[in-house]
$ cat entry-v6.txt   # compact mmCIF, C-alpha atoms
# COMPACT_ATOMS: atom_id res chain seq x y z
CA MET A 217 7.63 13.99 3.10
CA THR A 218 10.33 11.60 4.25
CA ASP A 219 9.90 7.98 5.18
CA ARG A 220 8.14 7.48 8.47
CA GLN A 221 10.05 5.87 11.32
CA PRO A 222 8.60 3.29 13.72
CA THR A 223 7.85 4.30 17.27
CA GLU A 224 8.19 0.68 18.45
CA THR A 225 10.07 -2.36 17.15
CA LYS A 226 9.42 -5.90 18.40
CA ASN A 227 11.49 -8.90 17.45
CA LEU A 228 9.18 -11.81 16.54
CA ASP A 229 11.94 -14.19 15.44
CA ILE A 230 11.97 -17.57 17.24
CA TYR A 231 15.38 -18.66 15.89
CA GLY A 232 17.62 -16.12 17.63
CA ASN A 233 17.95 -13.62 14.80
CA GLU A 234 18.06 -9.92 15.62
CA ALA A 235 15.09 -7.64 14.94
CA LEU A 236 15.04 -6.38 11.38
CA GLU A 237 15.79 -2.72 10.77
CA TRP A 238 12.94 -0.64 9.32
CA SER A 239 15.49 0.90 6.93
CA ARG A 240 15.75 -2.51 5.22
CA ALA A 241 11.99 -2.61 4.61
CA ALA A 242 11.91 1.05 3.49
CA LYS A 243 14.76 0.43 1.04
CA ALA A 244 12.99 -2.63 -0.39
CA LEU A 245 9.79 -0.56 -0.77
CA SER A 246 11.60 2.24 -2.58
CA VAL A 247 11.76 0.47 -5.92
CA SER A 248 11.48 2.02 -9.34
CA PRO A 249 7.88 2.64 -10.45
CA THR A 250 8.60 0.30 -13.37
CA GLU A 251 9.20 -2.58 -10.94
CA ASN A 252 6.36 -5.07 -11.27
CA LEU A 253 5.17 -5.54 -7.68
CA THR A 254 1.92 -7.23 -6.74
CA TRP A 255 0.24 -5.64 -3.74
CA PHE A 256 -2.74 -7.30 -2.09
CA LEU A 257 -5.47 -5.40 -0.27
CA GLY A 258 -7.56 -7.12 2.39
CA THR A 259 -10.89 -5.52 3.30
CA VAL A 260 -14.00 -6.55 5.23
CA ARG A 261 -17.39 -6.93 3.56
CA PRO A 262 -20.48 -5.48 5.25
CA ASP A 263 -21.43 -9.04 6.34
CA ARG A 264 -17.94 -9.27 7.98
CA ARG A 265 -16.52 -11.79 5.50
CA PRO A 266 -12.97 -11.02 4.33
CA HIS A 267 -12.16 -9.89 0.80
CA ALA A 268 -8.69 -9.84 -0.77
CA THR A 269 -7.61 -8.57 -4.16
CA GLY A 270 -4.57 -7.32 -6.02
CA VAL A 271 -4.32 -3.54 -6.40
CA GLY A 272 -2.19 -0.98 -8.15
CA ALA A 273 -0.04 0.65 -5.47
CA GLN A 274 2.87 3.02 -5.09
CA TYR A 275 5.13 3.67 -2.10
CA ILE A 276 6.08 7.34 -2.23
CA ASP A 277 8.09 9.07 0.49
CA GLY A 278 6.87 6.76 3.24
CA ASP A 279 3.23 6.64 2.12
CA VAL A 280 1.36 3.84 0.34
CA TYR A 281 -1.23 4.86 -2.27
CA ILE A 282 -3.71 2.53 -3.98
CA VAL A 283 -6.15 2.97 -6.85
CA SER A 284 -9.63 1.47 -7.06
CA GLY A 285 -12.80 1.96 -9.06
CA PRO A 286 -15.68 3.30 -6.94
CA ALA A 287 -18.04 0.45 -7.86
CA THR A 288 -15.60 -2.35 -7.02
CA ARG A 289 -16.11 -4.60 -4.01
CA LYS A 290 -12.92 -3.26 -2.38
CA SER A 291 -14.02 0.39 -2.68
CA ARG A 292 -17.49 -0.40 -1.37
CA ASN A 293 -15.91 -2.26 1.54
CA LEU A 294 -13.60 0.68 2.30
CA ALA A 295 -16.54 3.09 2.22
CA ALA A 296 -18.28 1.01 4.91
CA ASN A 297 -15.14 0.20 6.93
CA PRO A 298 -11.77 1.81 6.10
CA SER A 299 -9.81 -0.77 8.16
CA CYS A 300 -7.73 -2.96 5.90
CA THR A 301 -4.44 -4.74 5.29
CA MET A 302 -1.89 -4.53 2.50
CA SER A 303 0.77 -7.11 1.72
CA VAL A 304 3.65 -7.22 -0.73
CA GLY A 305 6.53 -9.57 -1.42
CA LEU A 306 9.75 -7.63 -1.99
CA ASP A 307 13.34 -8.52 -2.71
CA GLY A 308 14.41 -10.44 0.40
CA ILE A 309 11.53 -9.39 2.65
CA ASP A 310 7.75 -9.87 2.77
CA LEU A 311 5.65 -7.16 4.41
CA VAL A 312 2.11 -7.07 5.79
CA PHE A 313 0.66 -3.67 6.71
CA GLU A 314 -2.33 -3.01 8.98
CA GLY A 315 -4.19 0.29 8.89
CA GLU A 316 -6.95 2.09 7.04
CA ALA A 317 -7.48 3.64 3.64
CA ARG A 318 -8.78 7.16 3.08
CA ARG A 319 -9.76 8.61 -0.25
CA VAL A 320 -7.51 11.38 -1.56
CA THR A 321 -9.06 14.19 -3.59
CA ASP A 322 -6.60 17.09 -3.33
CA LYS A 323 -5.15 18.05 -6.70
CA GLU A 324 -1.53 18.33 -5.55
CA THR A 325 -1.41 14.76 -4.21
CA LEU A 326 -3.35 13.40 -7.19
CA GLU A 327 -0.85 15.01 -9.60
CA ARG A 328 2.17 13.75 -7.61
CA VAL A 329 0.90 10.17 -7.47
CA VAL A 330 -0.35 10.01 -11.05
CA ALA A 331 3.10 11.16 -12.22
CA ARG A 332 4.60 8.17 -10.42
CA PHE A 333 2.10 5.80 -12.05
CA ARG A 334 2.96 7.31 -15.46
CA GLU A 335 6.67 6.69 -14.76
CA GLY A 336 5.70 3.05 -14.28
CA GLY A 337 3.95 2.86 -17.65
CA TRP A 338 0.30 3.49 -16.78
CA PRO A 339 -0.81 6.52 -18.88
CA ALA A 340 -3.20 7.85 -16.24
CA GLU A 341 -4.28 11.48 -15.86
CA VAL A 342 -6.08 13.44 -13.18
CA ALA A 343 -9.72 14.06 -14.07
CA GLY A 344 -11.49 16.10 -11.41
CA ASP A 345 -10.86 14.32 -8.11
CA ALA A 346 -9.91 10.94 -9.61
CA PHE A 347 -7.81 9.24 -12.30
CA THR A 348 -8.67 8.26 -15.82
CA ALA A 349 -6.70 6.35 -18.46
CA PRO A 350 -7.26 4.35 -21.64
CA PHE A 351 -6.97 1.16 -19.54
CA SER A 352 -6.51 -0.20 -16.04
CA ALA A 353 -6.50 -3.58 -14.35
CA PRO A 354 -9.31 -5.87 -15.57
CA SER A 355 -10.79 -5.89 -12.04
CA ALA A 356 -10.65 -2.10 -11.57
CA GLY A 357 -14.01 -1.36 -13.15
CA PRO A 358 -14.53 1.56 -15.54
CA PRO A 359 -12.98 5.00 -14.99
CA PRO A 360 -12.79 7.18 -13.06
CA TRP A 361 -10.57 5.49 -10.47
CA HIS A 362 -10.23 6.80 -6.93
CA LEU A 363 -6.94 7.28 -5.14
CA TYR A 364 -6.60 6.16 -1.52
CA LEU A 365 -3.88 6.84 1.01
CA PHE A 366 -3.25 3.69 3.02
CA ILE A 367 -2.45 4.85 6.55
CA PHE A 368 -0.52 2.07 8.23
CA GLN A 369 -0.07 1.74 11.98
CA THR A 370 1.59 -1.69 12.12
CA VAL A 371 3.88 -3.52 9.71
CA PHE A 372 5.11 -7.11 9.97
CA GLY A 373 8.27 -8.11 8.12
CA VAL A 374 9.68 -11.56 7.46
CA ALA A 375 13.08 -11.74 5.79
CA GLY A 376 13.64 -14.58 3.34
CA GLU A 377 17.32 -13.71 2.90
CA GLU A 378 20.23 -13.08 5.27
CA PRO A 379 19.99 -11.61 7.73
CA HIS A 380 16.81 -13.56 8.43
CA GLY A 381 14.28 -12.49 10.98
CA ALA A 382 10.71 -11.52 11.75
CA THR A 383 9.79 -8.13 13.17
CA ARG A 384 6.77 -6.00 14.01
CA TRP A 385 7.02 -2.23 13.67
CA ARG A 386 4.43 0.16 15.10
CA PHE A 387 4.07 3.69 13.82
CA GLY A 388 2.65 6.76 15.50
CA HIS A 389 -0.25 8.82 14.25
CA GLN A 390 -0.22 9.76 10.57
CA ARG A 391 -2.22 12.63 9.07
$ encode --input "entry-v6.txt" --output "structure tokens"
Amino acid sequence: MTDRQPTETKNLDIYGNEALEWSRAAKALSVSPTENLTWFLGTVRPDRRPHATGVGAQYIDGDVYIVSGPATRKSRNLAANPSCTMSVGLDGIDLVFEGEARRVTDKETLERVVARFREGGWPAEVAGDAFTAPFSAPSAGPPPWHLYLFIFQTVFGVAGEEPHGATRWRFGHQR
């Protein structure tokens, strides 16, 4: 799969800067798997209170994948309501994604994504329809860990370096 392209771009900048190009955000997202990025997932609890936490994530060919233990608060929230946000600070641009997360269980995708995590130093393996490894994040809970595809419909970008700007990109239907 190739990187997705926005179907709509809206300039949100109040200082006269041009709208940011999606290619800038996609390039910033396409970092080496060894790059130490902190992604944050925002979910909604069953009582409608927000929940935010750091997650292991990979951006692969235009898709964002996250890993979470099935007993964690974030996974339980996603099971009840898949709507969520993801945010990440990248070189020169901060991004906030809006969409939903769906669990991935097909072997081909699991193998492709786990290979990327291994490239980044996490010695994970596919075990059935999930991942296992000798360790994971302290907040991930015990193995196995589930893989989710984060399906984003809207992305907000704010550039902290020249050219500055703030932009909203909307994306058409995915999967």
$ atom_distance --input "entry-v6.txt" --atom1 "atom CA of A:His362" --atom2 "atom CA of A:Pro222"
28.2 Å
$ residues_around --input "entry-v6.txt" --residues "A:Phe313" --least-positions-apart "3" --cutoff "6 Å" --atoms "all atoms listed in the file" --output "list in words"
Thr301, Met302, Thr370 and Val371 of chain A
$ closest_atom_pairs --input "entry-v6.txt" --of "stretch 312-357 of chain A" --to "stretch 240-256 of chain A" --cutoff "10 Å" --atoms "only C-alpha atoms" --output "CSV"
residue,atom,partner,partner_atom,distance
A:Val312,CA,A:Phe256,CA,9.3
A:Ala331,CA,A:Pro249,CA,9.9
A:Arg332,CA,A:Pro249,CA,6.4
A:Phe333,CA,A:Pro249,CA,6.8
A:Arg334,CA,A:Pro249,CA,8.4
A:Glu335,CA,A:Pro249,CA,6.0
A:Gly336,CA,A:Thr250,CA,4.1
A:Gly337,CA,A:Thr250,CA,6.8
A:Trp338,CA,A:Thr250,CA,9.5
$ closest_residue --input "entry-v6.txt" --among "A:Asn233, A:Thr383, A:Gln274, A:Gln369" --to "A:Ser299" --atoms "all atoms listed in the file"
A:Gln369
$ residues_around --input "entry-v6.txt" --residues "A:Asp229" --least-positions-apart "3" --cutoff "10 Å" --atoms "all atoms listed in the file" --output "VMD selection string"
chain A and resid 226 232 to 236 374 380 to 384
$ write_last_selection --input "entry-v6.txt" --atoms "C-alpha atoms" --output "PDB file, keeping the file's coordinate frame"
ATOM      1  CA  LYS A 226       9.420  -5.900  18.400  1.00  0.00           C
ATOM      2  CA  GLY A 232      17.620 -16.120  17.630  1.00  0.00           C
ATOM      3  CA  ASN A 233      17.950 -13.620  14.800  1.00  0.00           C
ATOM      4  CA  GLU A 234      18.060  -9.920  15.620  1.00  0.00           C
ATOM      5  CA  ALA A 235      15.090  -7.640  14.940  1.00  0.00           C
ATOM      6  CA  LEU A 236      15.040  -6.380  11.380  1.00  0.00           C
ATOM      7  CA  VAL A 374       9.680 -11.560   7.460  1.00  0.00           C
ATOM      8  CA  HIS A 380      16.810 -13.560   8.430  1.00  0.00           C
ATOM      9  CA  GLY A 381      14.280 -12.490  10.980  1.00  0.00           C
ATOM     10  CA  ALA A 382      10.710 -11.520  11.750  1.00  0.00           C
ATOM     11  CA  THR A 383       9.790  -8.130  13.170  1.00  0.00           C
ATOM     12  CA  ARG A 384       6.770  -6.000  14.010  1.00  0.00           C
TER      13      ARG A 384
END
$ residues_around --input "entry-v6.txt" --residues "A:Ser352" --least-positions-apart "5" --cutoff "9 Å" --atoms "all atoms listed in the file" --output "mmCIF file with C-alpha atoms, in the frame of the given file"
data_model
loop_
_atom_site.group_PDB
_atom_site.id
_atom_site.type_symbol
_atom_site.label_atom_id
_atom_site.label_comp_id
_atom_site.auth_asym_id
_atom_site.auth_seq_id
_atom_site.Cartn_x
_atom_site.Cartn_y
_atom_site.Cartn_z
ATOM 1 C CA TRP A 338 0.300 3.490 -16.780
ATOM 2 C CA ALA A 340 -3.200 7.850 -16.240
ATOM 3 C CA GLY A 357 -14.010 -1.360 -13.150
ATOM 4 C CA PRO A 358 -14.530 1.560 -15.540
ATOM 5 C CA PRO A 359 -12.980 5.000 -14.990
ATOM 6 C CA TRP A 361 -10.570 5.490 -10.470
#
$ closest_residue --input "entry-v6.txt" --among "A:Glu341, A:Phe368, A:Ala296, A:Val329" --to "A:Arg264" --atoms "all atoms listed in the file"
A:Ala296
